[in-house]
Structures are given as C-alpha cells and as structure tokens.
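I have placed the structure first, in the form of structure tokens, so that the comments after it can refer back to it.
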Amino acid sequence: MVKVLGIGGIFFRSKDPAALAQWYQTHLGIDRVPTDATTSPWITQEGATVFSPFSQDTDYFPADRTFMLNFRVENLDAALADLNAEGIETGGLETMEGVGRFARIHDPEGNPIELWEPE
C-alpha cells in the first residue's frame with residue numbers, strides 16, 4: 001500500500017494566478033512556487049493535517065465552493081489583528097474543545113480560508 005508522507009502542493013484555478021499568489025505571500029506568508037533551483041518553496045512546520053471530504057450539502061463552507069483551505073497559525077488573535085489592520089475581513093471565530101480555535105477569512109477571489117490555532 002502507498003503511504004502518503006504529506007501534502008506536496010495545493011493546486012486550484014484562479015482568475016489572476018500571479019496576483020493571488022502575491023496576496024497569499026503578503027498576507028499569509030506562503031512563498032510562491034519556485035521558478036528555478038535557487039528559489040525556495042514554502043516550507044511548513046510539522047503538525048497535524050486534516051484530510052476530510054465533506055457531504056455535498058455541508059454548510060461548513062459556502063455552497064458555491066468545492067473546497068476550503070485550512071491553515072495552522074501560532075497566535076490566532078495576533079493573526080486576526082494583522083489581517084484586520086491590512087483591511088481583510090475576519091469572522092467566524094469559534095472554539096472546539098480539545099481541538100483549538102478557528103476563524104474565517106476569504107482570499108480576493110472569494111475562496112474560503114479557515115485559520116486554526118491548535119490547542
């Protein structure tokens with residue numbers, strides 16, 4: 001049986017890939033895809049990754065989207081303050097006992113993003 005070691009990339013369509021990649025780099029610190037051997041890719045910290053298909057009728061994220069990104073953050077309150085200061089609307093703050101705290105944002109193309117501060 002194949003044993004997957006981790007996520008090697010996330011690929012999705014965009015109206016303006018360069019601008020969206022810049023937004024993710026500027027606001028979330030996600031490095032762009034390397035264009036040569038001297039450019040480093042985004043290196044994540046070791047930690048939990050959840051892989052969870054949802055029911056077609058879920059209301060956990062918008063019905064007009066087939067996916068939602070979830071990123072682990074170290075300090076959710078500081079992350080939300082930074083994003084708000086940059087004019088990015090945040091919301092959906094909730095706590096799941098034993099799991100952590102969550103908040104929601106959207107990228108400029110409306111893709112839902114959940115920020116997660118694990119316990």
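Ligands are numbered from 1 in the order shown, chains are lettered A, B, ... in the order of the structure tokens, and residues start at 1 in each chain.
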
Pull the alpha helix (DSSP H) assignments for chain A out of DSSP run on the backbone, and list those residues as an MDAnalysis selection string. chainID A and resid 17:28 76:85

Output C-alpha atoms of each residue in that selection to a file, as a short mmCIF file (atom, residue, chain, number, x, y, z; two decimals), in the first residue's frame.
data_model
loop_
_atom_site.label_atom_id
_atom_site.label_comp_id
_atom_site.auth_asym_id
_atom_site.auth_seq_id
_atom_site.Cartn_x
_atom_site.Cartn_y
_atom_site.Cartn_z
CA PRO A 17 -2.75 33.49 -10.52
CA ALA A 18 0.13 35.96 -10.11
CA ALA A 19 -1.93 38.46 -8.10
CA LEU A 20 -3.46 35.72 -5.95
CA ALA A 21 -0.06 34.15 -5.25
CA GLN A 22 1.20 37.60 -4.22
CA TRP A 23 -1.80 38.05 -1.87
CA TYR A 24 -1.05 34.71 -0.16
CA GLN A 25 2.62 35.64 0.19
CA THR A 26 1.91 39.14 1.51
CA HIS A 27 -0.89 38.33 3.93
CA LEU A 28 -0.24 34.72 4.97
CA LEU A 76 -4.82 33.44 16.15
CA ASP A 77 -5.50 36.74 17.92
CA ALA A 78 -2.32 38.33 16.52
CA ALA A 79 -3.04 36.90 13.06
CA LEU A 80 -6.55 38.37 13.06
CA ALA A 81 -5.28 41.75 14.28
CA ASP A 82 -2.69 41.83 11.47
CA LEU A 83 -5.25 40.84 8.83
CA ASN A 84 -7.80 43.39 10.09
CA ALA A 85 -5.09 46.10 10.01
#

If you count only C-alpha atoms, which residues fall within 10 Å of stretch 40-48 of chain A, apart from same-chain ones fewer than 2 positions away, as a PDB file with all heavy atoms, in the first residue's frame?
ATOM      1  N   GLY A   6       2.759  13.423   3.131  1.00  0.00           N
ATOM      2  CA  GLY A   6       2.273  14.771   3.413  1.00  0.00           C
ATOM      3  C   GLY A   6       1.750  15.393   2.140  1.00  0.00           C
ATOM      4  O   GLY A   6       1.765  14.776   1.075  1.00  0.00           O
ATOM      5  N   GLY A   9       1.528  19.815  -2.481  1.00  0.00           N
ATOM      6  CA  GLY A   9       1.093  21.047  -3.123  1.00  0.00           C
ATOM      7  C   GLY A   9      -0.414  21.148  -3.091  1.00  0.00           C
ATOM      8  O   GLY A   9      -1.112  20.157  -2.900  1.00  0.00           O
ATOM      9  N   GLN A  25       1.280  35.389  -0.345  1.00  0.00           N
ATOM     10  CA  GLN A  25       2.621  35.642   0.186  1.00  0.00           C
ATOM     11  C   GLN A  25       2.600  36.849   1.121  1.00  0.00           C
ATOM     12  O   GLN A  25       3.162  36.809   2.217  1.00  0.00           O
ATOM     13  CB  GLN A  25       3.618  35.852  -0.944  1.00  0.00           C
ATOM     14  CG  GLN A  25       5.047  36.002  -0.444  1.00  0.00           C
ATOM     15  CD  GLN A  25       6.054  36.023  -1.579  1.00  0.00           C
ATOM     16  OE1 GLN A  25       5.765  36.473  -2.675  1.00  0.00           O
ATOM     17  NE2 GLN A  25       7.236  35.509  -1.311  1.00  0.00           N
ATOM     18  N   GLY A  29       2.111  34.745   4.341  1.00  0.00           N
ATOM     19  CA  GLY A  29       3.492  34.270   4.393  1.00  0.00           C
ATOM     20  C   GLY A  29       3.753  32.986   3.622  1.00  0.00           C
ATOM     21  O   GLY A  29       4.721  32.286   3.905  1.00  0.00           O
ATOM     22  N   ILE A  30       2.913  32.689   2.646  1.00  0.00           N
ATOM     23  CA  ILE A  30       3.079  31.475   1.847  1.00  0.00           C
ATOM     24  C   ILE A  30       3.916  31.829   0.618  1.00  0.00           C
ATOM     25  O   ILE A  30       3.477  32.585  -0.246  1.00  0.00           O
ATOM     26  CB  ILE A  30       1.713  30.896   1.436  1.00  0.00           C
ATOM     27  CG1 ILE A  30       0.943  30.493   2.700  1.00  0.00           C
ATOM     28  CG2 ILE A  30       1.890  29.723   0.488  1.00  0.00           C
ATOM     29  CD1 ILE A  30      -0.484  30.057   2.441  1.00  0.00           C
ATOM     30  N   ASP A  31       5.132  31.282   0.566  1.00  0.00           N
ATOM     31  CA  ASP A  31       6.035  31.588  -0.541  1.00  0.00           C
ATOM     32  C   ASP A  31       5.479  31.080  -1.860  1.00  0.00           C
ATOM     33  O   ASP A  31       4.808  30.049  -1.927  1.00  0.00           O
ATOM     34  CB  ASP A  31       7.411  30.952  -0.299  1.00  0.00           C
ATOM     35  CG  ASP A  31       8.134  31.591   0.875  1.00  0.00           C
ATOM     36  OD1 ASP A  31       7.900  32.786   1.132  1.00  0.00           O
ATOM     37  OD2 ASP A  31       8.911  30.886   1.534  1.00  0.00           O
ATOM     38  N   ARG A  32       5.784  31.816  -2.908  1.00  0.00           N
ATOM     39  CA  ARG A  32       5.353  31.442  -4.260  1.00  0.00           C
ATOM     40  C   ARG A  32       6.063  30.176  -4.723  1.00  0.00           C
ATOM     41  O   ARG A  32       7.094  29.780  -4.171  1.00  0.00           O
ATOM     42  CB  ARG A  32       5.684  32.569  -5.239  1.00  0.00           C
ATOM     43  CG  ARG A  32       4.902  33.822  -4.976  1.00  0.00           C
ATOM     44  CD  ARG A  32       5.484  34.959  -5.819  1.00  0.00           C
ATOM     45  NE  ARG A  32       4.601  36.090  -5.824  1.00  0.00           N
ATOM     46  CZ  ARG A  32       4.036  36.587  -6.913  1.00  0.00           C
ATOM     47  NH1 ARG A  32       4.283  36.068  -8.086  1.00  0.00           N
ATOM     48  NH2 ARG A  32       3.243  37.619  -6.834  1.00  0.00           N
ATOM     49  N   VAL A  33       5.537  29.589  -5.775  1.00  0.00           N
ATOM     50  CA  VAL A  33       6.155  28.401  -6.375  1.00  0.00           C
ATOM     51  C   VAL A  33       7.536  28.781  -6.901  1.00  0.00           C
ATOM     52  O   VAL A  33       7.694  29.822  -7.559  1.00  0.00           O
ATOM     53  CB  VAL A  33       5.278  27.875  -7.533  1.00  0.00           C
ATOM     54  CG1 VAL A  33       5.970  26.756  -8.279  1.00  0.00           C
ATOM     55  CG2 VAL A  33       3.933  27.417  -7.013  1.00  0.00           C
ATOM     56  N   PRO A  34       8.560  27.975  -6.620  1.00  0.00           N
ATOM     57  CA  PRO A  34       9.903  28.273  -7.127  1.00  0.00           C
ATOM     58  C   PRO A  34       9.916  28.295  -8.659  1.00  0.00           C
ATOM     59  O   PRO A  34       9.240  27.491  -9.304  1.00  0.00           O
ATOM     60  CB  PRO A  34      10.755  27.111  -6.613  1.00  0.00           C
ATOM     61  CG  PRO A  34       9.988  26.547  -5.477  1.00  0.00           C
ATOM     62  CD  PRO A  34       8.543  26.772  -5.785  1.00  0.00           C
ATOM     63  N   THR A  35      10.685  29.209  -9.193  1.00  0.00           N
ATOM     64  CA  THR A  35      10.812  29.309 -10.644  1.00  0.00           C
ATOM     65  C   THR A  35      12.164  28.810 -11.134  1.00  0.00           C
ATOM     66  O   THR A  35      12.393  28.731 -12.334  1.00  0.00           O
ATOM     67  CB  THR A  35      10.611  30.770 -11.100  1.00  0.00           C
ATOM     68  OG1 THR A  35      11.528  31.600 -10.374  1.00  0.00           O
ATOM     69  CG2 THR A  35       9.183  31.232 -10.834  1.00  0.00           C
ATOM     70  N   ASP A  36      13.061  28.502 -10.189  1.00  0.00           N
ATOM     71  CA  ASP A  36      14.370  27.951 -10.547  1.00  0.00           C
ATOM     72  C   ASP A  36      14.935  27.225  -9.327  1.00  0.00           C
ATOM     73  O   ASP A  36      14.323  27.222  -8.261  1.00  0.00           O
ATOM     74  CB  ASP A  36      15.322  29.044 -11.040  1.00  0.00           C
ATOM     75  CG  ASP A  36      15.531  30.153 -10.025  1.00  0.00           C
ATOM     76  OD1 ASP A  36      15.696  29.858  -8.817  1.00  0.00           O
ATOM     77  OD2 ASP A  36      15.534  31.322 -10.423  1.00  0.00           O
ATOM     78  N   ALA A  37      16.096  26.650  -9.476  1.00  0.00           N
ATOM     79  CA  ALA A  37      16.701  25.844  -8.405  1.00  0.00           C
ATOM     80  C   ALA A  37      17.185  26.669  -7.217  1.00  0.00           C
ATOM     81  O   ALA A  37      17.466  26.123  -6.154  1.00  0.00           O
ATOM     82  CB  ALA A  37      17.862  25.024  -8.976  1.00  0.00           C
ATOM     83  N   THR A  38      17.275  27.990  -7.358  1.00  0.00           N
ATOM     84  CA  THR A  38      17.759  28.822  -6.261  1.00  0.00           C
ATOM     85  C   THR A  38      16.632  29.402  -5.411  1.00  0.00           C
ATOM     86  O   THR A  38      16.893  30.012  -4.384  1.00  0.00           O
ATOM     87  CB  THR A  38      18.621  29.985  -6.800  1.00  0.00           C
ATOM     88  OG1 THR A  38      17.793  30.832  -7.601  1.00  0.00           O
ATOM     89  CG2 THR A  38      19.796  29.461  -7.607  1.00  0.00           C
ATOM     90  N   VAL A  50      -5.422  17.738   8.440  1.00  0.00           N
ATOM     91  CA  VAL A  50      -6.691  17.039   8.368  1.00  0.00           C
ATOM     92  C   VAL A  50      -7.104  16.922   6.908  1.00  0.00           C
ATOM     93  O   VAL A  50      -7.090  17.904   6.172  1.00  0.00           O
ATOM     94  CB  VAL A  50      -7.770  17.791   9.176  1.00  0.00           C
ATOM     95  CG1 VAL A  50      -9.127  17.127   9.035  1.00  0.00           C
ATOM     96  CG2 VAL A  50      -7.360  17.887  10.637  1.00  0.00           C
ATOM     97  N   PHE A  51      -7.441  15.720   6.499  1.00  0.00           N
ATOM     98  CA  PHE A  51      -7.957  15.461   5.152  1.00  0.00           C
ATOM     99  C   PHE A  51      -9.383  14.980   5.326  1.00  0.00           C
ATOM    100  O   PHE A  51      -9.616  13.907   5.881  1.00  0.00           O
ATOM    101  CB  PHE A  51      -7.097  14.400   4.449  1.00  0.00           C
ATOM    102  CG  PHE A  51      -7.586  14.066   3.068  1.00  0.00           C
ATOM    103  CD1 PHE A  51      -7.250  14.876   2.000  1.00  0.00           C
ATOM    104  CD2 PHE A  51      -8.384  12.956   2.851  1.00  0.00           C
ATOM    105  CE1 PHE A  51      -7.701  14.575   0.720  1.00  0.00           C
ATOM    106  CE2 PHE A  51      -8.842  12.647   1.581  1.00  0.00           C
ATOM    107  CZ  PHE A  51      -8.493  13.457   0.506  1.00  0.00           C
ATOM    108  N   ARG A  72      -2.836  26.227   9.750  1.00  0.00           N
ATOM    109  CA  ARG A  72      -2.477  26.327  11.158  1.00  0.00           C
ATOM    110  C   ARG A  72      -1.748  27.642  11.389  1.00  0.00           C
ATOM    111  O   ARG A  72      -0.894  28.030  10.594  1.00  0.00           O
ATOM    112  CB  ARG A  72      -1.546  25.175  11.565  1.00  0.00           C
ATOM    113  CG  ARG A  72      -2.249  23.870  11.796  1.00  0.00           C
ATOM    114  CD  ARG A  72      -1.275  22.753  12.167  1.00  0.00           C
ATOM    115  NE  ARG A  72      -0.692  22.178  10.955  1.00  0.00           N
ATOM    116  CZ  ARG A  72       0.592  22.193  10.650  1.00  0.00           C
ATOM    117  NH1 ARG A  72       1.476  22.732  11.462  1.00  0.00           N
ATOM    118  NH2 ARG A  72       1.013  21.659   9.528  1.00  0.00           N
ATOM    119  N   PRO A 118      -4.211  25.358  16.888  1.00  0.00           N
ATOM    120  CA  PRO A 118      -4.419  24.119  17.638  1.00  0.00           C
ATOM    121  C   PRO A 118      -4.172  24.304  19.134  1.00  0.00           C
ATOM    122  O   PRO A 118      -3.399  25.167  19.533  1.00  0.00           O
ATOM    123  CB  PRO A 118      -3.365  23.152  17.058  1.00  0.00           C
ATOM    124  CG  PRO A 118      -2.962  23.753  15.756  1.00  0.00           C
ATOM    125  CD  PRO A 118      -3.125  25.237  15.913  1.00  0.00           C
TER     126      PRO A 118
END

Shell of 7 Å around A:Arg101, only C-alpha atoms, local chain residues under 6 positions omitted, as a list in words: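 Within the cut-off, the hits are Glu94, Thr95, Trp116, Glu117 and Pro118 of chain A.
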
Write out the residues from the selection above, keeping N, CA, C and O atoms, as a PDB file, in the first residue's frame.
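New file out-v8.pdb:
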ATOM      1  N   GLU A  94     -14.540  30.692  16.523  1.00  0.00           N
ATOM      2  CA  GLU A  94     -15.132  29.666  17.375  1.00  0.00           C
ATOM      3  C   GLU A  94     -14.046  28.816  18.008  1.00  0.00           C
ATOM      4  O   GLU A  94     -12.905  28.795  17.540  1.00  0.00           O
ATOM      5  N   THR A  95     -14.425  28.136  19.067  1.00  0.00           N
ATOM      6  CA  THR A  95     -13.515  27.246  19.782  1.00  0.00           C
ATOM      7  C   THR A  95     -14.107  25.849  19.804  1.00  0.00           C
ATOM      8  O   THR A  95     -15.302  25.688  20.063  1.00  0.00           O
ATOM      9  N   TRP A 116      -6.535  28.140  11.908  1.00  0.00           N
ATOM     10  CA  TRP A 116      -6.691  27.242  13.056  1.00  0.00           C
ATOM     11  C   TRP A 116      -5.495  27.379  14.003  1.00  0.00           C
ATOM     12  O   TRP A 116      -4.353  27.215  13.582  1.00  0.00           O
ATOM     13  N   GLU A 117      -5.783  27.699  15.245  1.00  0.00           N
ATOM     14  CA  GLU A 117      -4.762  27.682  16.287  1.00  0.00           C
ATOM     15  C   GLU A 117      -5.004  26.425  17.125  1.00  0.00           C
ATOM     16  O   GLU A 117      -5.926  26.378  17.951  1.00  0.00           O
ATOM     17  N   PRO A 118      -4.211  25.358  16.888  1.00  0.00           N
ATOM     18  CA  PRO A 118      -4.419  24.119  17.638  1.00  0.00           C
ATOM     19  C   PRO A 118      -4.172  24.304  19.134  1.00  0.00           C
ATOM     20  O   PRO A 118      -3.399  25.167  19.533  1.00  0.00           O
TER      21      PRO A 118
END

Which residues are near A:Pro62? Cut-off 10 Å, only C-alpha atoms, ignore same chain within fewer than 4 positions. Put them as number ranges by chain. A: 57-58, 66-68, 110-112

Atoms to include: N, CA, C and O atoms. Write the selected residues as a compact mmCIF listing (two decimals), in the first residue's frame.
# COMPACT_ATOMS: atom_id res chain seq x y z
N ASP A 57 -23.94 18.66 0.80
CA ASP A 57 -24.84 19.67 1.36
C ASP A 57 -24.32 20.31 2.65
O ASP A 57 -25.08 20.92 3.40
N THR A 58 -23.01 20.22 2.89
CA THR A 58 -22.46 20.82 4.11
C THR A 58 -22.68 22.33 4.12
O THR A 58 -22.72 22.98 3.07
N THR A 66 -16.09 24.30 -3.78
CA THR A 66 -15.90 22.86 -3.61
C THR A 66 -14.80 22.55 -2.60
O THR A 66 -14.59 21.39 -2.27
N PHE A 67 -14.10 23.57 -2.12
CA PHE A 67 -13.03 23.33 -1.14
C PHE A 67 -12.91 24.52 -0.20
O PHE A 67 -13.42 25.61 -0.47
N MET A 68 -12.24 24.29 0.91
CA MET A 68 -11.86 25.35 1.83
C MET A 68 -10.45 25.03 2.30
O MET A 68 -10.15 23.89 2.65
N GLY A 110 -12.56 35.11 -3.32
CA GLY A 110 -13.68 34.56 -2.58
C GLY A 110 -13.49 33.16 -2.04
O GLY A 110 -14.42 32.58 -1.49
N ASN A 111 -12.30 32.60 -2.19
CA ASN A 111 -12.05 31.26 -1.67
C ASN A 111 -12.04 31.30 -0.14
O ASN A 111 -11.35 32.13 0.45
N PRO A 112 -12.78 30.40 0.51
CA PRO A 112 -12.81 30.40 1.97
C PRO A 112 -11.52 29.84 2.57
O PRO A 112 -10.96 28.86 2.06

As number ranges by chain, please: every residue in chain A that DSSP puts in strand (DSSP E). A: 69-72, 91-96, 100-106, 112-118
